[in-house]
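Content type compact mmCIF, C-alpha atoms and all ligand atoms, from the file upload_33.txt:
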```txt
# COMPACT_ATOMS: atom_id res chain seq x y z
CA MET Y 51 7.06 30.11 20.36
CA ASN Y 52 10.30 28.54 19.28
CA ILE Y 53 11.40 25.12 18.12
CA LEU Y 54 14.13 24.70 20.74
CA ASP Y 55 11.56 24.82 23.57
CA ILE Y 56 9.29 22.39 21.72
CA ILE Y 57 12.14 19.90 21.20
CA ALA Y 58 13.17 20.20 24.86
CA LYS Y 59 9.59 19.68 26.01
CA LYS Y 60 9.19 16.42 24.07
CA ARG Y 61 12.71 15.33 25.03
CA ASP Y 62 11.59 15.71 28.66
CA LYS Y 63 8.47 13.58 28.06
CA LYS Y 64 6.03 16.49 28.34
CA ILE Y 65 2.82 16.90 26.35
CA LEU Y 66 2.82 19.34 23.43
CA THR Y 67 -0.09 21.72 22.95
CA ARG Y 68 -2.07 21.98 19.72
CA GLN Y 69 -0.45 25.39 19.09
CA GLU Y 70 3.05 23.97 19.49
CA ILE Y 71 2.32 21.09 17.11
CA GLN Y 72 0.73 23.47 14.60
CA TYR Y 73 3.74 25.80 14.85
CA PHE Y 74 6.17 22.92 14.19
CA ILE Y 75 4.23 21.59 11.17
CA ASP Y 76 3.64 25.04 9.60
CA SER Y 77 7.22 26.20 10.13
CA TYR Y 78 8.73 22.95 8.84
CA VAL Y 79 6.65 23.09 5.64
CA LYS Y 80 7.72 26.72 5.16
CA GLU Y 81 11.33 25.60 5.74
CA GLU Y 82 11.71 27.89 8.73
CA ILE Y 83 12.77 24.88 10.77
CA THR Y 84 15.81 22.92 9.66
CA ASP Y 85 15.89 19.18 8.95
CA TYR Y 86 18.16 18.60 11.93
CA GLN Y 87 15.75 20.35 14.29
CA ALA Y 88 12.80 18.41 12.83
CA SER Y 89 14.84 15.20 13.15
CA ALA Y 90 15.44 15.89 16.83
CA LEU Y 91 11.74 16.41 17.48
CA ILE Y 92 10.68 13.34 15.46
CA MET Y 93 13.25 11.22 17.31
CA ALA Y 94 11.96 12.54 20.66
CA ILE Y 95 8.41 11.64 19.57
CA TYR Y 96 9.66 8.21 18.44
CA ILE Y 97 11.21 7.56 21.85
CA ASN Y 98 8.69 9.25 24.16
CA GLY Y 99 5.45 8.81 22.20
CA MET Y 100 2.40 11.07 22.01
CA THR Y 101 -0.98 11.09 23.76
CA ASP Y 102 -4.11 10.52 21.64
CA GLU Y 103 -4.80 14.26 21.78
CA GLU Y 104 -1.29 15.05 20.49
CA ILE Y 105 -1.62 12.42 17.76
CA LYS Y 106 -4.95 13.93 16.67
CA ASP Y 107 -3.42 17.44 16.59
CA PHE Y 108 -0.37 16.16 14.71
CA THR Y 109 -2.60 14.35 12.19
CA LEU Y 110 -4.86 17.35 11.59
CA ALA Y 111 -1.95 19.78 11.29
CA MET Y 112 -0.38 17.55 8.60
CA ALA Y 113 -3.73 16.94 6.87
CA TYR Y 114 -4.38 20.69 6.54
CA SER Y 115 -0.79 21.61 5.63
CA GLY Y 116 -1.76 21.68 1.93
CA GLU Y 117 -4.83 21.25 -0.20
CA VAL Y 118 -7.78 19.24 1.13
CA LEU Y 119 -9.98 17.62 -1.47
CA ASP Y 120 -13.69 18.29 -1.32
CA LEU Y 121 -15.54 15.20 -2.52
CA SER Y 122 -18.90 16.19 -1.03
CA MET Y 123 -20.44 16.28 -4.52
CA PHE Y 124 -20.28 12.45 -4.40
CA GLY Y 125 -22.37 12.22 -1.24
CA GLU Y 126 -21.86 11.81 2.47
CA ASN Y 127 -20.40 8.31 2.37
CA VAL Y 128 -17.36 8.62 0.12
CA VAL Y 129 -15.17 5.70 1.08
CA ASP Y 130 -11.41 5.37 0.65
CA LYS Y 131 -8.99 2.52 1.19
CA HIS Y 132 -5.35 2.47 2.26
CA SER Y 133 -2.81 -0.22 2.99
CA THR Y 134 0.02 0.08 5.47
CA GLY Y 135 2.18 -1.45 2.75
CA GLY Y 136 3.32 -4.82 1.57
CA VAL Y 137 5.11 -6.90 -1.02
CA GLY Y 138 3.18 -7.82 -4.16
CA ASP Y 139 0.28 -5.70 -2.92
CA LYS Y 140 -1.80 -5.04 -6.02
CA ILE Y 141 -5.13 -5.04 -4.16
CA THR Y 142 -6.03 -1.39 -4.91
CA LEU Y 143 -5.78 -1.99 -8.65
CA ILE Y 144 -8.12 -4.97 -8.49
CA LEU Y 145 -10.51 -3.67 -5.87
CA MET Y 146 -11.16 -0.12 -7.05
CA PRO Y 147 -12.57 -1.01 -10.49
CA ILE Y 148 -14.77 -3.61 -8.79
CA ILE Y 149 -16.14 -0.99 -6.38
CA ALA Y 150 -16.68 1.50 -9.22
CA SER Y 151 -18.46 -1.19 -11.29
CA LEU Y 152 -20.99 -1.42 -8.43
CA GLY Y 153 -21.83 2.27 -8.90
CA ILE Y 154 -19.86 3.47 -5.85
CA PRO Y 155 -17.67 6.49 -6.72
CA VAL Y 156 -13.93 5.90 -6.48
CA ALA Y 157 -11.74 9.00 -6.18
CA LYS Y 158 -8.46 7.46 -5.18
CA MET Y 159 -5.12 9.13 -4.68
CA SER Y 160 -2.27 6.67 -4.43
CA GLY Y 161 1.43 6.82 -3.80
CA ARG Y 162 4.67 5.48 -5.18
CA GLY Y 163 6.68 2.69 -3.61
CA LEU Y 164 9.51 3.44 -1.22
CA GLY Y 165 11.81 0.86 0.32
CA PHE Y 166 10.75 -2.76 0.02
CA THR Y 167 7.02 -2.06 -0.39
CA GLY Y 168 5.48 -1.31 -3.78
CA GLY Y 169 3.23 1.59 -4.80
CA THR Y 170 0.07 1.63 -6.91
CA ILE Y 171 1.20 4.60 -9.02
CA ASP Y 172 4.36 2.81 -10.18
CA LYS Y 173 2.26 -0.18 -11.20
CA LEU Y 174 -0.18 2.00 -13.15
CA GLU Y 175 2.68 3.73 -14.95
CA SER Y 176 3.78 0.41 -16.40
CA ILE Y 177 0.67 0.57 -18.60
CA PRO Y 178 1.83 2.51 -21.69
CA GLY Y 179 0.24 5.96 -21.83
CA TYR Y 180 -1.53 5.85 -18.44
CA GLU Y 181 -1.54 9.38 -17.05
CA THR Y 182 -1.18 9.41 -13.27
CA ASN Y 183 -0.65 13.17 -12.97
CA GLN Y 184 -3.91 15.04 -13.09
CA SER Y 185 -5.24 18.39 -11.99
CA ILE Y 186 -7.89 18.30 -9.27
CA GLU Y 187 -10.50 19.41 -11.85
CA LYS Y 188 -9.64 16.53 -14.19
CA PHE Y 189 -9.50 14.07 -11.29
CA ILE Y 190 -13.03 15.05 -10.18
CA LYS Y 191 -14.37 15.14 -13.78
CA ASN Y 192 -13.18 11.59 -14.33
CA VAL Y 193 -15.07 10.39 -11.27
CA GLU Y 194 -18.17 12.25 -12.48
CA ASN Y 195 -17.88 10.81 -15.99
CA ILE Y 196 -16.95 7.18 -15.42
CA GLY Y 197 -17.16 6.72 -11.64
CA ILE Y 198 -13.46 6.22 -11.04
CA SER Y 199 -10.14 8.04 -11.06
CA LEU Y 200 -6.84 6.57 -9.86
CA SER Y 201 -4.16 9.21 -9.66
CA CYS Y 202 -0.97 10.30 -8.07
CA ALA Y 203 -1.14 12.01 -4.70
CA ASN Y 204 0.81 14.98 -6.04
CA LEU Y 205 -1.85 17.63 -5.62
CA ASN Y 206 0.01 19.12 -2.69
CA LEU Y 207 -2.01 16.89 -0.37
CA ALA Y 208 -0.55 16.74 3.15
CA PRO Y 209 2.88 18.13 2.14
CA ALA Y 210 3.96 18.01 5.80
CA ASP Y 211 3.53 14.24 5.77
CA LYS Y 212 5.57 13.99 2.58
CA LYS Y 213 8.44 15.91 4.19
CA ILE Y 214 8.25 14.16 7.55
CA TYR Y 215 7.88 10.70 5.98
CA ALA Y 216 11.00 11.27 3.86
CA LEU Y 217 12.84 12.54 6.94
CA ARG Y 218 11.76 9.53 9.04
CA ASP Y 219 13.08 7.26 6.32
CA THR Y 220 16.56 8.77 6.70
CA ILE Y 221 16.69 8.69 10.53
CA SER Y 222 15.32 5.17 11.23
CA CYS Y 223 11.98 6.46 12.48
CA VAL Y 224 9.53 4.77 10.10
CA ASP Y 225 8.40 1.87 12.29
CA ASN Y 226 6.63 3.88 14.95
CA ILE Y 227 2.94 3.46 15.64
CA PRO Y 228 1.92 7.09 16.41
CA LEU Y 229 3.94 8.35 13.42
CA ILE Y 230 2.55 5.74 11.00
CA ALA Y 231 -1.01 6.30 12.22
CA SER Y 232 -0.82 10.08 11.86
CA SER Y 233 0.91 9.79 8.47
CA ILE Y 234 -1.78 7.52 7.03
CA MET Y 235 -4.74 9.32 8.58
CA SER Y 236 -3.48 12.78 7.52
CA LYS Y 237 -3.38 11.62 3.89
CA LYS Y 238 -6.84 10.08 4.14
CA ILE Y 239 -8.28 13.27 5.66
CA ALA Y 240 -6.63 15.41 2.96
CA SER Y 241 -7.92 13.19 0.18
CA GLY Y 242 -11.51 13.96 1.09
CA ALA Y 243 -13.11 10.65 2.07
CA ASN Y 244 -15.35 10.51 5.10
CA LYS Y 245 -15.29 6.71 5.53
CA ILE Y 246 -12.04 4.79 5.56
CA VAL Y 247 -11.16 1.10 5.18
CA LEU Y 248 -7.59 0.36 6.20
CA GLU Y 249 -5.65 -2.76 5.37
CA VAL Y 250 -3.17 -3.24 8.19
CA THR Y 251 -0.55 -5.72 7.05
CA VAL Y 252 1.13 -8.01 9.57
CA GLY Y 253 4.23 -10.15 9.25
CA SER Y 254 7.72 -10.37 7.82
CA GLY Y 255 6.85 -8.20 4.79
CA ALA Y 256 5.08 -5.48 6.78
CA PHE Y 257 6.06 -2.64 9.10
CA MET Y 258 4.08 -4.36 11.87
CA LYS Y 259 5.77 -7.70 12.46
CA THR Y 260 3.36 -9.02 15.13
CA ILE Y 261 -0.39 -9.17 15.47
CA GLU Y 262 -0.20 -7.26 18.79
CA LYS Y 263 1.59 -4.33 17.12
CA ALA Y 264 -0.83 -4.40 14.18
CA GLU Y 265 -3.80 -4.31 16.56
CA GLU Y 266 -2.26 -1.38 18.43
CA LEU Y 267 -1.81 0.51 15.14
CA ALA Y 268 -5.33 -0.38 13.98
CA ASN Y 269 -6.93 0.72 17.26
CA LEU Y 270 -5.04 3.99 17.19
CA MET Y 271 -6.10 4.77 13.60
CA ILE Y 272 -9.72 3.98 14.50
CA ARG Y 273 -9.48 6.33 17.50
CA ILE Y 274 -8.05 9.09 15.28
CA GLY Y 275 -10.85 8.41 12.77
CA ASN Y 276 -13.44 8.76 15.54
CA LEU Y 277 -11.84 11.94 16.90
CA VAL Y 278 -12.00 13.58 13.45
CA GLY Y 279 -15.47 12.21 12.60
CA LYS Y 280 -14.40 9.68 9.92
CA GLU Y 281 -15.68 6.17 10.45
CA THR Y 282 -12.74 3.80 10.09
CA ILE Y 283 -12.49 0.01 9.83
CA CYS Y 284 -9.23 -1.95 9.85
CA VAL Y 285 -8.76 -5.32 8.20
CA LEU Y 286 -5.63 -7.12 9.39
CA THR Y 287 -4.02 -9.10 6.56
CA ASN Y 288 -1.19 -11.60 6.52
CA MET Y 289 2.11 -10.40 5.08
CA ASN Y 290 4.10 -13.53 5.90
CA GLU Y 291 3.96 -14.30 2.18
CA PRO Y 292 3.71 -11.93 -0.77
CA ILE Y 293 0.18 -11.13 -1.93
CA GLY Y 294 -0.65 -13.17 -5.05
CA TYR Y 295 2.18 -14.57 -7.14
CA SER Y 296 3.91 -11.52 -8.65
CA ILE Y 297 6.25 -8.81 -7.34
CA GLY Y 298 7.27 -6.02 -9.72
CA ASN Y 299 5.26 -3.47 -11.62
CA THR Y 300 4.42 -4.96 -15.04
CA LEU Y 301 4.22 -8.49 -13.60
CA GLU Y 302 1.69 -7.22 -11.07
CA VAL Y 303 -0.39 -5.47 -13.73
CA ILE Y 304 -0.62 -8.80 -15.57
CA GLU Y 305 -1.83 -10.46 -12.36
CA VAL Y 306 -4.37 -7.64 -11.85
CA VAL Y 307 -5.83 -8.22 -15.33
CA GLU Y 308 -6.06 -11.97 -14.71
CA ALA Y 309 -7.73 -11.36 -11.35
CA LEU Y 310 -10.31 -9.06 -12.91
CA ARG Y 311 -10.98 -11.78 -15.48
CA GLY Y 312 -11.72 -14.15 -12.60
CA TYR Y 313 -8.43 -15.99 -12.08
CA MET Y 314 -7.43 -14.96 -8.55
CA GLU Y 315 -5.00 -16.50 -6.13
CA HIS Y 316 -6.83 -17.52 -2.93
CA ASP Y 317 -5.18 -14.79 -0.80
CA VAL Y 318 -5.92 -12.05 -3.34
CA ARG Y 319 -9.52 -13.21 -3.48
CA ASP Y 320 -9.91 -13.29 0.32
CA ILE Y 321 -8.44 -9.80 0.74
CA VAL Y 322 -10.42 -8.30 -2.15
CA LEU Y 323 -13.67 -9.79 -0.82
CA GLU Y 324 -13.08 -8.66 2.77
CA LEU Y 325 -11.93 -5.12 2.02
CA GLY Y 326 -14.48 -4.70 -0.76
CA SER Y 327 -17.44 -5.88 1.27
CA GLN Y 328 -16.47 -3.53 4.13
CA MET Y 329 -16.15 -0.64 1.64
CA ILE Y 330 -19.60 -1.37 0.22
CA LYS Y 331 -21.02 -1.40 3.75
CA LEU Y 332 -19.36 1.86 4.80
CA SER Y 333 -20.49 3.55 1.60
CA GLY Y 334 -24.09 2.77 2.60
CA ASN Y 335 -24.67 0.32 -0.25
CA GLY Y 336 -25.23 -2.90 1.69
CA GLU Y 337 -25.35 -3.86 5.36
CA ASP Y 338 -24.77 -7.59 4.88
CA ILE Y 339 -21.10 -8.50 4.39
CA GLU Y 340 -21.85 -11.89 2.78
CA VAL Y 341 -24.30 -10.33 0.32
CA ASN Y 342 -21.66 -7.71 -0.48
CA LYS Y 343 -19.08 -10.42 -1.19
CA ASN Y 344 -21.52 -11.98 -3.64
CA LYS Y 345 -22.02 -8.65 -5.38
CA ILE Y 346 -18.26 -8.45 -5.88
CA LEU Y 347 -18.03 -11.99 -7.24
CA GLN Y 348 -20.97 -11.32 -9.54
CA ASN Y 349 -19.31 -8.27 -11.08
CA ILE Y 350 -16.10 -10.19 -11.62
CA ASN Y 351 -17.96 -13.09 -13.24
CA ASN Y 352 -20.15 -10.93 -15.50
CA GLY Y 353 -17.15 -8.90 -16.72
CA ARG Y 354 -18.32 -5.53 -15.33
CA ALA Y 355 -15.28 -5.13 -13.08
CA TYR Y 356 -12.86 -5.92 -15.91
CA ASN Y 357 -14.73 -3.55 -18.26
CA LYS Y 358 -14.51 -0.80 -15.63
CA PHE Y 359 -10.74 -1.29 -15.46
CA ILE Y 360 -10.53 -0.99 -19.27
CA GLU Y 361 -12.65 2.19 -19.08
CA LEU Y 362 -10.38 3.61 -16.36
CA VAL Y 363 -7.20 2.89 -18.32
CA SER Y 364 -8.64 4.32 -21.52
CA ASN Y 365 -10.00 7.42 -19.77
CA GLN Y 366 -6.60 8.19 -18.26
CA GLY Y 367 -4.84 7.89 -21.61
CA GLY Y 368 -3.60 4.31 -21.29
CA ASP Y 369 -3.39 2.02 -24.32
CA ILE Y 370 -6.00 -0.69 -23.66
CA GLN Y 371 -4.44 -3.06 -26.22
CA PHE Y 372 -1.88 -3.85 -23.51
CA ILE Y 373 -4.66 -4.83 -21.13
CA GLN Y 374 -6.69 -6.76 -23.68
CA ASN Y 375 -3.55 -8.68 -24.57
CA THR Y 376 -1.06 -8.52 -21.70
CA GLU Y 377 1.50 -10.47 -23.76
CA LYS Y 378 2.19 -7.12 -25.44
CA LEU Y 379 3.52 -5.70 -22.16
CA LYS Y 380 7.29 -5.70 -22.21
CA LEU Y 381 9.03 -7.83 -19.59
CA ALA Y 382 12.71 -8.06 -18.71
CA LYS Y 383 15.25 -9.66 -21.05
CA TYR Y 384 16.11 -12.57 -18.75
CA LYS Y 385 13.67 -14.94 -17.08
CA ILE Y 386 15.75 -17.07 -14.72
CA PRO Y 387 14.28 -20.03 -12.84
CA VAL Y 388 14.93 -20.51 -9.13
CA CYS Y 389 15.42 -24.22 -8.72
CA SER Y 390 15.04 -25.99 -5.39
CA GLU Y 391 18.01 -27.82 -3.91
CA LYS Y 392 15.75 -29.41 -1.31
CA GLU Y 393 12.50 -31.33 -1.11
CA GLY Y 394 9.89 -30.48 1.50
CA TYR Y 395 7.25 -27.96 2.47
CA VAL Y 396 7.53 -24.19 2.56
CA ASN Y 397 7.60 -23.41 6.27
CA SER Y 398 8.16 -19.66 6.06
CA ILE Y 399 9.22 -16.94 3.63
CA ASN Y 400 11.28 -13.86 4.45
CA VAL Y 401 8.96 -11.45 2.64
CA GLU Y 402 10.85 -8.24 3.49
CA LYS Y 403 13.98 -9.73 1.94
CA LEU Y 404 11.99 -10.81 -1.13
CA GLY Y 405 10.73 -7.23 -1.48
CA LYS Y 406 14.28 -5.91 -1.17
CA ILE Y 407 15.55 -8.33 -3.83
CA SER Y 408 12.86 -7.09 -6.21
CA CYS Y 409 13.92 -3.54 -5.32
CA TYR Y 410 17.61 -4.26 -6.09
CA LEU Y 411 16.58 -5.75 -9.44
CA GLY Y 412 15.19 -2.27 -10.17
CA ALA Y 413 11.47 -2.69 -9.41
CA GLY Y 414 11.57 -0.29 -6.47
CA ARG Y 415 13.40 2.73 -5.16
CA LEU Y 416 16.18 2.72 -2.65
CA LYS Y 417 16.05 6.53 -2.69
CA LYS Y 418 13.09 8.77 -3.53
CA GLU Y 419 14.69 10.07 -6.74
CA ASP Y 420 15.67 6.62 -8.12
CA GLU Y 421 14.34 5.59 -11.56
CA ILE Y 422 12.52 2.29 -11.52
CA ASP Y 423 12.46 -0.54 -14.06
CA ASN Y 424 8.90 -1.75 -14.63
CA GLU Y 425 9.99 -4.86 -16.50
CA VAL Y 426 11.79 -6.62 -13.65
CA GLY Y 427 10.55 -8.57 -10.65
CA ILE Y 428 9.84 -11.99 -9.23
CA ILE Y 429 7.18 -14.63 -9.79
CA VAL Y 430 6.65 -16.94 -6.83
CA LYS Y 431 5.08 -20.28 -7.64
CA LYS Y 432 5.17 -21.64 -4.09
CA LYS Y 433 3.86 -20.13 -0.88
CA VAL Y 434 3.70 -21.25 2.75
CA GLY Y 435 2.35 -24.81 3.08
CA ASP Y 436 3.12 -25.79 -0.53
CA LYS Y 437 5.23 -28.84 -1.37
CA ILE Y 438 8.43 -28.30 -3.35
CA ASN Y 439 10.19 -31.18 -5.09
CA LEU Y 440 13.92 -31.49 -5.51
CA ASN Y 441 15.04 -29.58 -8.65
CA GLU Y 442 11.62 -27.96 -9.05
CA ASP Y 443 11.49 -24.37 -10.28
CA PHE Y 444 9.64 -22.60 -7.47
CA ALA Y 445 10.16 -18.99 -8.56
CA TYR Y 446 11.34 -16.94 -11.54
CA VAL Y 447 13.48 -13.84 -11.60
CA TYR Y 448 12.87 -11.24 -14.33
CA ALA Y 449 16.03 -9.19 -14.79
CA ASN Y 450 17.53 -6.85 -17.33
CA ASN Y 451 20.98 -7.33 -15.83
CA LEU Y 452 22.13 -10.96 -15.85
CA LYS Y 453 24.56 -10.56 -12.96
CA LEU Y 454 21.90 -8.98 -10.74
CA GLY Y 455 19.43 -11.65 -11.87
CA ASN Y 456 21.73 -14.53 -10.92
CA LYS Y 457 22.46 -12.94 -7.57
CA ALA Y 458 18.70 -12.58 -6.97
CA VAL Y 459 18.21 -16.29 -7.70
CA GLU Y 460 20.63 -17.25 -4.91
CA GLN Y 461 19.09 -14.72 -2.50
CA ILE Y 462 15.56 -15.98 -3.16
CA LYS Y 463 16.66 -19.49 -2.16
CA GLU Y 464 17.73 -18.00 1.19
CA CYS Y 465 14.26 -16.42 1.66
CA TYR Y 466 12.55 -19.81 1.63
CA ASN Y 467 12.64 -22.01 4.71
CA ILE Y 468 11.83 -25.52 3.41
CA THR Y 469 11.27 -28.26 5.99
CA LYS Y 470 10.36 -31.94 5.98
CA GLU Y 471 7.26 -31.37 8.15
CA LYS Y 472 4.04 -30.52 6.42
CA THR Y 473 2.97 -26.94 7.21
CA LYS Y 474 -0.44 -25.33 7.04
CA LYS Y 475 -1.36 -22.75 4.42
CA LEU Y 476 -1.65 -19.26 5.88
CA LYS Y 477 -4.91 -17.47 6.58
CA SER Y 478 -5.08 -14.19 4.67
CA ILE Y 479 -7.48 -12.32 6.96
CA LEU Y 480 -6.24 -12.11 10.55
CA GLY Y 481 -8.93 -9.92 12.02
CA ILE Y 482 -11.32 -7.02 11.58
CA ILE Y 483 -11.28 -4.13 14.02
CA LYS Y 484 -13.96 -1.46 14.11
N1 LIG K 1 2.46 4.23 5.07
C1 LIG K 1 2.27 5.57 5.22
O1 LIG K 1 1.55 6.19 4.47
N2 LIG K 1 2.93 6.20 6.23
C2 LIG K 1 3.74 5.55 7.08
O2 LIG K 1 4.27 6.16 7.97
C3 LIG K 1 3.92 4.15 6.90
C4 LIG K 1 3.25 3.51 5.88
```
Have the structure of the file written as structure tokens, please.
Amino acid sequence: MNILDIIAKKRDKKILTRQEIQYFIDSYVKEEITDYQASALIMAIYINGMTDEEIKDFTLAMAYSGEVLDLSMFGENVVDKHSTGGVGDKITLILMPIIASLGIPVAKMSGRGLGFTGGTIDKLESIPGYETNQSIEKFIKNVENIGISLSCANLNLAPADKKIYALRDTISCVDNIPLIASSIMSKKIASGANKIVLEVTVGSGAFMKTIEKAEELANLMIRIGNLVGKETICVLTNMNEPIGYSIGNTLEVIEVVEALRGYMEHDVRDIVLELGSQMIKLSGNGEDIEVNKNKILQNINNGRAYNKFIELVSNQGGDIQFIQNTEKLKLAKYKIPVCSEKEGYVNSINVEKLGKISCYLGAGRLKKEDEIDNEVGIIVKKKVGDKINLNEDFAYVYANNLKLGNKAVEQIKECYNITKEKTKKLKSILGIIK
């Protein structure tokens, strides 16, 4: 077998065999295939697509390209959650302690942010002392001891996906449904869960800009789940506004703590309740979605979810003083208001641009190796449908560099489309696909 024939086959719109896909993945991980050859094949896949069978083979080859976690000691219904990515998406940090507080084991591997979307691991690392790097043994022990571990997906899980994802990022091949589906599902298979709840984000701050594309992605991931024997549910969520009110690592941790204490923005609450109730159902702990939502609300109200978060932070070496009193968390030197030059209603928000502004302030990475600044970010006080008065501060920029901060202020004004006509508030949950 050789890579030239495989590239030519896909270039000519032919179907690759399992052996050919396996050969490509294995050889690329071993660096026996060059980046330019892999780029050619990925671009051919991007243009000519893959059949379901090819996608399944591609997914499995990536999933088994490194270590595969065995979580069978936690039962047959270990459930995991993944988001296709968004701006201000702190849902994992709120949801996972809630699920663990209900006695459902949470063994969650998360990633870092890349591009305009944030990553759970970066947010966790803004808590002083929190250790995201753990051995598999420690990761499992933590779940056994306190029911939850939130760690970095650095245990050589699906290394082929890591390499191919980074490559796709450099050759404009990220926004492709078969490639996104296989990337996500390979990581979920490698991280050991046998039930999967996927949050598929839709809108200006997501990879899928339209509901039709999001449904196509969701249906494909469900088909892959079925083909590999992992029950999968997709919840479509609205990314035409940031989730909650904060963008940026420390700012988001503060919002997480407030949410776990019961003060949740309506969209955060809707998404947490929907994803959480589906996770409870898949884990075999409650058939009725409405009853499950009540269980979640109960554990927020009685403090169990918040206490579980404190336990998690403490168990992974974090200093809980910063959670008990979030005013101790260090924020950027400059807090600059974004003042409206217009009066009216927020008609739409360019969320991708908002995510990029936060990234340029230092909250995210433009390149994989970039250092990030946890202290910077954006607070949005107004979302779609809200009224803004003339000269009202509708957002705040947190910056450590005044020039960058002032530039961000002007750019944020351009992200908001404010009109005279009253507009409706957005629905957070756009659909559930099983
Ligand atoms: N998230 C992933 O994990 N992979 C993709 O390809 C896109 C979003």
Take every atom of ligand LIG 1 (chain K) listed in the file, fit an axis-aligned box around them, add 6 Å per side, and give the centre and edge lengths in Å to one decimal as JSON.
```
{"center_x": 2.9, "center_y": 4.9, "center_z": 6.2, "size_x": 14.7, "size_y": 14.7, "size_z": 15.5}
```
Extract, using only C-alpha atoms, all DNA, RNA and protein residues at most 7 Å from stretch 373-387 of chain Y, discarding same-chain residues fewer than 6 positions from it, and format them as a PDB file with C-alpha atoms, in the coordinates of the input.
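Result saved to part-v8.pdb:
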```pdb
ATOM      1  CA  ILE Y 304      -0.620  -8.800 -15.570  1.00  0.00           C
ATOM      2  CA  VAL Y 307      -5.830  -8.220 -15.330  1.00  0.00           C
ATOM      3  CA  GLU Y 425       9.990  -4.860 -16.500  1.00  0.00           C
ATOM      4  CA  VAL Y 426      11.790  -6.620 -13.650  1.00  0.00           C
ATOM      5  CA  ASP Y 443      11.490 -24.370 -10.280  1.00  0.00           C
ATOM      6  CA  ALA Y 445      10.160 -18.990  -8.560  1.00  0.00           C
ATOM      7  CA  TYR Y 446      11.340 -16.940 -11.540  1.00  0.00           C
ATOM      8  CA  VAL Y 447      13.480 -13.840 -11.600  1.00  0.00           C
ATOM      9  CA  TYR Y 448      12.870 -11.240 -14.330  1.00  0.00           C
ATOM     10  CA  ALA Y 449      16.030  -9.190 -14.790  1.00  0.00           C
ATOM     11  CA  ASN Y 450      17.530  -6.850 -17.330  1.00  0.00           C
ATOM     12  CA  LEU Y 452      22.130 -10.960 -15.850  1.00  0.00           C
TER      13      LEU Y 452
END
```
Name each residue within 10 Å of ligand LIG 1 (chain K), counting all atoms listed in the file, as number ranges by chain. Y: 132-136, 160-161, 163-164, 167, 211-212, 214-216, 218-219, 223-238, 250, 256-258
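For Y:Asn441, the list of residues within 9 Å, based on only C-alpha atoms and with local chain neighbours fewer than 5 positions off taken out, reads Y:Cys389, Y:Ser390, Y:Glu391, Y:Lys392, Y:Glu393.
By all atoms listed in the file, and with residues fewer than 5 positions from Y:Gln72 along its chain excluded, the set lying at most 8 Å from it is Asp107, Phe108 and Ala111 of chain Y.
If you look at atom CA of Y:Val318 and atom CA of Y:Ile141, they are 7.1 Å away from each other.
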Which one is closest to Y:Lys432: Y:Asn335, Y:Ser296, Y:Ser151, Y:Ser408? Count all atoms listed in the file. Y:Ser296
If we count all atoms listed in the file, what is near stretch 308-312 of chain Y at a cut-off of 12 Å, once residues fewer than 2 positions away on the same chain are taken out, given as a compact mmCIF listing (two decimals) with C-alpha atoms, in the coordinates of the input?
```txt
# COMPACT_ATOMS: atom_id res chain seq x y z
CA LYS Y 140 -1.80 -5.04 -6.02
CA ILE Y 141 -5.13 -5.04 -4.16
CA THR Y 142 -6.03 -1.39 -4.91
CA LEU Y 143 -5.78 -1.99 -8.65
CA ILE Y 144 -8.12 -4.97 -8.49
CA LEU Y 145 -10.51 -3.67 -5.87
CA MET Y 146 -11.16 -0.12 -7.05
CA PRO Y 147 -12.57 -1.01 -10.49
CA ILE Y 148 -14.77 -3.61 -8.79
CA ILE Y 149 -16.14 -0.99 -6.38
CA SER Y 151 -18.46 -1.19 -11.29
CA GLY Y 294 -0.65 -13.17 -5.05
CA TYR Y 295 2.18 -14.57 -7.14
CA SER Y 296 3.91 -11.52 -8.65
CA LEU Y 301 4.22 -8.49 -13.60
CA GLU Y 302 1.69 -7.22 -11.07
CA VAL Y 303 -0.39 -5.47 -13.73
CA ILE Y 304 -0.62 -8.80 -15.57
CA GLU Y 305 -1.83 -10.46 -12.36
CA VAL Y 306 -4.37 -7.64 -11.85
CA MET Y 314 -7.43 -14.96 -8.55
CA GLU Y 315 -5.00 -16.50 -6.13
CA HIS Y 316 -6.83 -17.52 -2.93
CA ASP Y 317 -5.18 -14.79 -0.80
CA VAL Y 318 -5.92 -12.05 -3.34
CA ARG Y 319 -9.52 -13.21 -3.48
CA VAL Y 322 -10.42 -8.30 -2.15
CA ILE Y 346 -18.26 -8.45 -5.88
CA LEU Y 347 -18.03 -11.99 -7.24
CA GLN Y 348 -20.97 -11.32 -9.54
CA ASN Y 349 -19.31 -8.27 -11.08
CA ILE Y 350 -16.10 -10.19 -11.62
CA ASN Y 351 -17.96 -13.09 -13.24
CA ASN Y 352 -20.15 -10.93 -15.50
CA GLY Y 353 -17.15 -8.90 -16.72
CA ARG Y 354 -18.32 -5.53 -15.33
CA ALA Y 355 -15.28 -5.13 -13.08
CA TYR Y 356 -12.86 -5.92 -15.91
CA ASN Y 357 -14.73 -3.55 -18.26
CA LYS Y 358 -14.51 -0.80 -15.63
CA PHE Y 359 -10.74 -1.29 -15.46
CA ILE Y 360 -10.53 -0.99 -19.27
CA ILE Y 373 -4.66 -4.83 -21.13
CA GLN Y 374 -6.69 -6.76 -23.68
CA ASN Y 375 -3.55 -8.68 -24.57
CA THR Y 376 -1.06 -8.52 -21.70
CA GLU Y 377 1.50 -10.47 -23.76
```
In terms of the shortest atom-to-atom distance over all atoms listed in the file, which of Y:Thr170, Y:Gln184, Y:Asn424, Y:Asn52 is closest to Y:Gln69? Y:Asn52
